[in-house]
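*Asks:* The structure is given below, and queries will be raised subsequently.
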Amino acid sequence: MRHIFYIQVKKINIVLNKKKLIFNNLWLKELSDSITDPLDLLKYLGLDHKQHLLDGIQASKLFSFRVPKFFADLMEKGNEKDPLFLQVFTRYEEIIKFPKFVKDPLQEQNNQHDNYGFIKKYKNRLLILLTGYCVINCRYCFRRHFPYSKHALNQSRWDIIYQYIKKNKNINEIILSGGDPLMEKDKSLDKIITNLENISHLTTLRIHTRMLTLLPNRITQFLCERLISCSLNTVLVTHINHHHEISEKFKKKIKFLHHSKVILLNQSVLLRKVNDNALTLFKLHQALFKIGIIPYYLHMLDNVLGAAHFHVSECKAKKIMIKLLEISSGYLVPKFVKEVPGKKSKVLINLEF
């Protein structure tokens, strides 16, 4: 009788584990159901596809189109000026070549170490291009022309990276970037984190991701437990540009990391017609702080080819920041920065005229 009971309990545990596995991988199913055609997004939002179709098709040939349905559901139906829609929809301006807008605005490809998939431009930090894939293709992406296929990581390249870190003891922080590093599955991330934990002079792991507001189900129980248990100081940097991106589901999910030892920061990009006014930024920073995320950086747009229509002049940007300082608590005002090729760090923008 006891033997039969043990078998029944074992079967129940197997079923429960399978259900847990399905729950943890729900984000993969949602990812596969993303909208990959500009016309489909227009139809989904009830927008005039005749007006935008040709522009969208032409631009999507230059830089592929992908929007998760969860993110599309956060957009206002019938509103072509919706700030979330503007970030991801293809436009004819992407085809036009504007002066000073180039394919490699940060000259990152000059910093590659023989195509091994990492960038070393900081004294104490190593940036690893974990993947070339993103859950969404933001039209202002500064790596939209980056040759990720040349830097794809395999086991031999990982061996080179680990040896490079071990040899260079001045490196104490690893930044996982991409693409979006959380496009990697939990099992793969676990292996990478474990290998980094075993390098004695490393102290900090930083993960930069756009994914969590776009597919909140990526915040799996395993991911949370692994980041919390990591022996390195762990910093998770989200990329959120507008308060409308912060859904109720994301708020519930991020609670699993809030109040833990994981430091939660956010970086944004100042984008024309999206968040280029002080009140919008104030609302974003208030919403972030309410769920335990500290505003970290506000970036000037990098001058990447195809994104000139998002450009905000530095003069206007300074006025926005001055106004933001007037209406915000100091701890809710992010560092206002820009990237300058060749510089060893981001450059703080002086607000004086």
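Residues in the structure tokens are numbered from 1 in each chain, the chains being A, B, ... in the order shown, and ligands are numbered from 1 in the order shown.
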Where does DSSP see strand (DSSP E) in segment 137-300 of chain A, if you list the residues as a VMD selection string?
*Replies:* chain A and resid 173 to 177 204 to 209 233 to 239 263 to 269 294 to 299
*Asks:* Show me, as a Markdown table, the residues of segment 63-144 of chain A having an atom within 12 Å of segment 22-46 of chain A, each with the closest atom pair and its distance in Å, using only C-alpha atoms.
*Replies:*
| residue | atom | partner | partner_atom | distance |
| --- | --- | --- | --- | --- |
| A:Phe63 | CA | A:Thr36 | CA | 11.4 |
| A:Ser64 | CA | A:Thr36 | CA | 7.9 |
| A:Phe65 | CA | A:Thr36 | CA | 5.3 |
| A:Arg66 | CA | A:Thr36 | CA | 4.6 |
| A:Val67 | CA | A:Ile35 | CA | 5.1 |
| A:Pro68 | CA | A:Ser34 | CA | 4.2 |
| A:Lys69 | CA | A:Ser34 | CA | 5.6 |
| A:Phe70 | CA | A:Glu30 | CA | 8.1 |
| A:Phe71 | CA | A:Ser34 | CA | 9.4 |
| A:Ala72 | CA | A:Leu41 | CA | 7.7 |
| A:Asp73 | CA | A:Leu45 | CA | 8.5 |
| A:Leu74 | CA | A:Leu45 | CA | 10.4 |
| A:Met75 | CA | A:Leu45 | CA | 7.8 |
| A:Glu76 | CA | A:Leu45 | CA | 7.5 |
| A:Lys77 | CA | A:Leu45 | CA | 4.7 |
| A:Gly78 | CA | A:Gly46 | CA | 5.1 |
| A:Asn79 | CA | A:Leu45 | CA | 7.9 |
| A:Glu80 | CA | A:Leu45 | CA | 8.8 |
| A:Lys81 | CA | A:Leu45 | CA | 11.8 |
| A:Asp82 | CA | A:Leu45 | CA | 10.5 |
| A:Leu84 | CA | A:Leu45 | CA | 11.9 |
| A:Phe85 | CA | A:Leu41 | CA | 9.2 |
| A:Leu86 | CA | A:Leu42 | CA | 11.9 |
| A:Val88 | CA | A:Pro38 | CA | 9.5 |
| A:Phe89 | CA | A:Pro38 | CA | 6.9 |
| A:Thr90 | CA | A:Pro38 | CA | 7.1 |
| A:Arg91 | CA | A:Pro38 | CA | 9.9 |
| A:Tyr133 | CA | A:Leu31 | CA | 11.6 |
| A:Cys134 | CA | A:Leu31 | CA | 10.0 |
| A:Val135 | CA | A:Leu31 | CA | 6.9 |
| A:Ile136 | CA | A:Ser34 | CA | 8.7 |
| A:Asn137 | CA | A:Thr36 | CA | 9.8 |
*Asks:* What's the 10 Å shell around segment 94-107 of chain A, counting only C-alpha atoms, without same-chain residues fewer than 5 positions away, as a list in words?
*Replies:*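 Listed by chain and then number, they are Asp55, Gly56, Gln58, Ala59, Ser60, Lys61, Leu62, Phe63, Gln112, Arg139, Tyr140, Phe142, Arg143, Arg144, His145, Phe146, Asp302, Asn303, Val304, Leu305, Gly306, Ala307, Ala308, His309, Glu339, Val340, Pro341, Gly342 and Lys343 of chain A.
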*Asks:* Env of Pro147 of chain A: 12 Å cut, atoms = only C-alpha atoms, seq-sep filter 5 positions within chain, self excluded. Answer as a VMD selection string.
*Replies:* chain A and resid 103 to 104 108 to 109 112 115 117 129 131 to 133 152 178 to 179
*Asks:* Write out as a VMD selection string all residues of segment 181-329 of chain A that DSSP puts in helix (DSSP H, G or I) for this structure's backbone.
*Replies:* chain A and resid 181 to 183 186 to 197 211 to 214 216 to 218 221 to 229 243 to 245 248 to 254 278 to 290 308 to 310 314 to 327
*Asks:* How far is it from atom CA of Ile207 of chain A to atom CA of Arg157 of chain A, in Å with one decimal?
*Replies:*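 Straight-line distance from atom CA of Ile207 of chain A to atom CA of Arg157 of chain A works out to 19.7 Å.
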*Asks:* List the neighbours of segment 287-296 of chain A out to 6 Å using only C-alpha atoms; skip same-chain residues closer than 3 positions along the sequence, and give me the result as a PyMOL selection string.
*Replies:* chain A and resi 258+264-267+284+334
*Asks:* Between atom CA of Lys253 of chain A and atom CA of Leu182 of chain A, what is the distance in Å, rounded to a tenth?
*Replies:*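 Here the two named atoms are 15.0 Å from each other.
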*Asks:* Find the spatial neighbours of Glu314 of chain A, counting only C-alpha atoms, within a cut-off of 12 Å - ignore same-chain residues fewer than 6 positions away - and output them as JSON, numbers by chain.
*Replies:* {"A": [270, 271, 272, 276, 299, 300, 301, 302, 320, 321, 336, 337, 338, 349, 350, 351, 352, 353]}
*Asks:* Can you write just those residues out, N, CA and C atoms, as a PDB file, in the first residue's frame?
*Replies:*
ATOM      1  N   LEU A 270      16.434  59.543 -25.113  1.00  0.00           N
ATOM      2  CA  LEU A 270      15.589  60.693 -25.396  1.00  0.00           C
ATOM      3  C   LEU A 270      15.193  60.646 -26.873  1.00  0.00           C
ATOM      4  N   LEU A 271      13.886  60.515 -27.132  1.00  0.00           N
ATOM      5  CA  LEU A 271      13.394  60.275 -28.490  1.00  0.00           C
ATOM      6  C   LEU A 271      12.341  61.310 -28.885  1.00  0.00           C
ATOM      7  N   ARG A 272      12.527  61.891 -30.030  1.00  0.00           N
ATOM      8  CA  ARG A 272      11.598  62.897 -30.544  1.00  0.00           C
ATOM      9  C   ARG A 272      10.184  62.316 -30.665  1.00  0.00           C
ATOM     10  N   ASP A 276      10.191  63.383 -25.352  1.00  0.00           N
ATOM     11  CA  ASP A 276      11.022  64.586 -25.366  1.00  0.00           C
ATOM     12  C   ASP A 276      10.342  65.781 -24.678  1.00  0.00           C
ATOM     13  N   HIS A 299      19.971  58.782 -22.248  1.00  0.00           N
ATOM     14  CA  HIS A 299      20.930  58.905 -23.338  1.00  0.00           C
ATOM     15  C   HIS A 299      20.438  59.879 -24.409  1.00  0.00           C
ATOM     16  N   MET A 300      21.342  60.671 -24.912  1.00  0.00           N
ATOM     17  CA  MET A 300      21.104  61.319 -26.190  1.00  0.00           C
ATOM     18  C   MET A 300      21.126  60.225 -27.250  1.00  0.00           C
ATOM     19  N   LEU A 301      20.338  60.381 -28.289  1.00  0.00           N
ATOM     20  CA  LEU A 301      20.292  59.403 -29.370  1.00  0.00           C
ATOM     21  C   LEU A 301      21.667  59.259 -30.019  1.00  0.00           C
ATOM     22  N   ASP A 302      22.091  58.016 -30.239  1.00  0.00           N
ATOM     23  CA  ASP A 302      23.303  57.783 -31.026  1.00  0.00           C
ATOM     24  C   ASP A 302      22.972  57.982 -32.496  1.00  0.00           C
ATOM     25  N   ILE A 320      14.980  70.521 -21.575  1.00  0.00           N
ATOM     26  CA  ILE A 320      14.132  69.480 -20.984  1.00  0.00           C
ATOM     27  C   ILE A 320      14.697  69.043 -19.639  1.00  0.00           C
ATOM     28  N   MET A 321      16.011  68.822 -19.592  1.00  0.00           N
ATOM     29  CA  MET A 321      16.645  68.369 -18.357  1.00  0.00           C
ATOM     30  C   MET A 321      16.573  69.428 -17.254  1.00  0.00           C
ATOM     31  N   PHE A 336      22.426  62.442 -17.432  1.00  0.00           N
ATOM     32  CA  PHE A 336      22.159  62.790 -18.832  1.00  0.00           C
ATOM     33  C   PHE A 336      23.473  62.668 -19.598  1.00  0.00           C
ATOM     34  N   VAL A 337      23.534  61.708 -20.519  1.00  0.00           N
ATOM     35  CA  VAL A 337      24.811  61.342 -21.122  1.00  0.00           C
ATOM     36  C   VAL A 337      24.709  61.167 -22.633  1.00  0.00           C
ATOM     37  N   LYS A 338      25.888  61.112 -23.242  1.00  0.00           N
ATOM     38  CA  LYS A 338      25.997  60.740 -24.643  1.00  0.00           C
ATOM     39  C   LYS A 338      27.255  59.894 -24.819  1.00  0.00           C
ATOM     40  N   ILE A 349      26.568  65.339 -19.992  1.00  0.00           N
ATOM     41  CA  ILE A 349      26.275  66.556 -20.748  1.00  0.00           C
ATOM     42  C   ILE A 349      26.094  67.725 -19.781  1.00  0.00           C
ATOM     43  N   ASN A 350      26.884  68.755 -19.991  1.00  0.00           N
ATOM     44  CA  ASN A 350      26.819  69.964 -19.177  1.00  0.00           C
ATOM     45  C   ASN A 350      25.547  70.749 -19.550  1.00  0.00           C
ATOM     46  N   LEU A 351      24.739  71.065 -18.564  1.00  0.00           N
ATOM     47  CA  LEU A 351      23.473  71.740 -18.825  1.00  0.00           C
ATOM     48  C   LEU A 351      23.601  73.255 -18.981  1.00  0.00           C
ATOM     49  N   GLU A 352      24.790  73.768 -18.800  1.00  0.00           N
ATOM     50  CA  GLU A 352      24.998  75.206 -18.971  1.00  0.00           C
ATOM     51  C   GLU A 352      25.009  75.562 -20.462  1.00  0.00           C
ATOM     52  N   PHE A 353      24.444  76.715 -20.796  1.00  0.00           N
ATOM     53  CA  PHE A 353      24.432  77.185 -22.186  1.00  0.00           C
ATOM     54  C   PHE A 353      25.605  78.131 -22.434  1.00  0.00           C
TER      55      PHE A 353
END
*Asks:* Would you list the contacts of Thr213 of chain A as JSON, numbers by chain, taking every protein, DNA or RNA residue within 10 Å and counting only C-alpha atoms, but skipping same-chain residues closer than 4 positions in sequence?
*Replies:* {"A": [70, 71, 209, 217, 218, 219, 238, 239, 240, 244, 245, 246, 247, 248, 249, 250, 251, 253, 254]}
*Asks:* Just give me the gap between atom CA of Lys261 of chain A and atom CA of Leu212 of chain A in Å, one decimal is fine.
*Replies:*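 Computing the Euclidean distance for atom CA of Lys261 of chain A and atom CA of Leu212 of chain A yields 18.3 Å.
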*Asks:* Rank nothing, just name the residue among A:Ile199, A:Asp186, A:Cys141, A:Asp159 nearest to Ser268 of chain A, using only C-alpha atoms.
*Replies:*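 Using only C-alpha atoms, the shortest distance to Ser268 of chain A belongs to A:Cys141.
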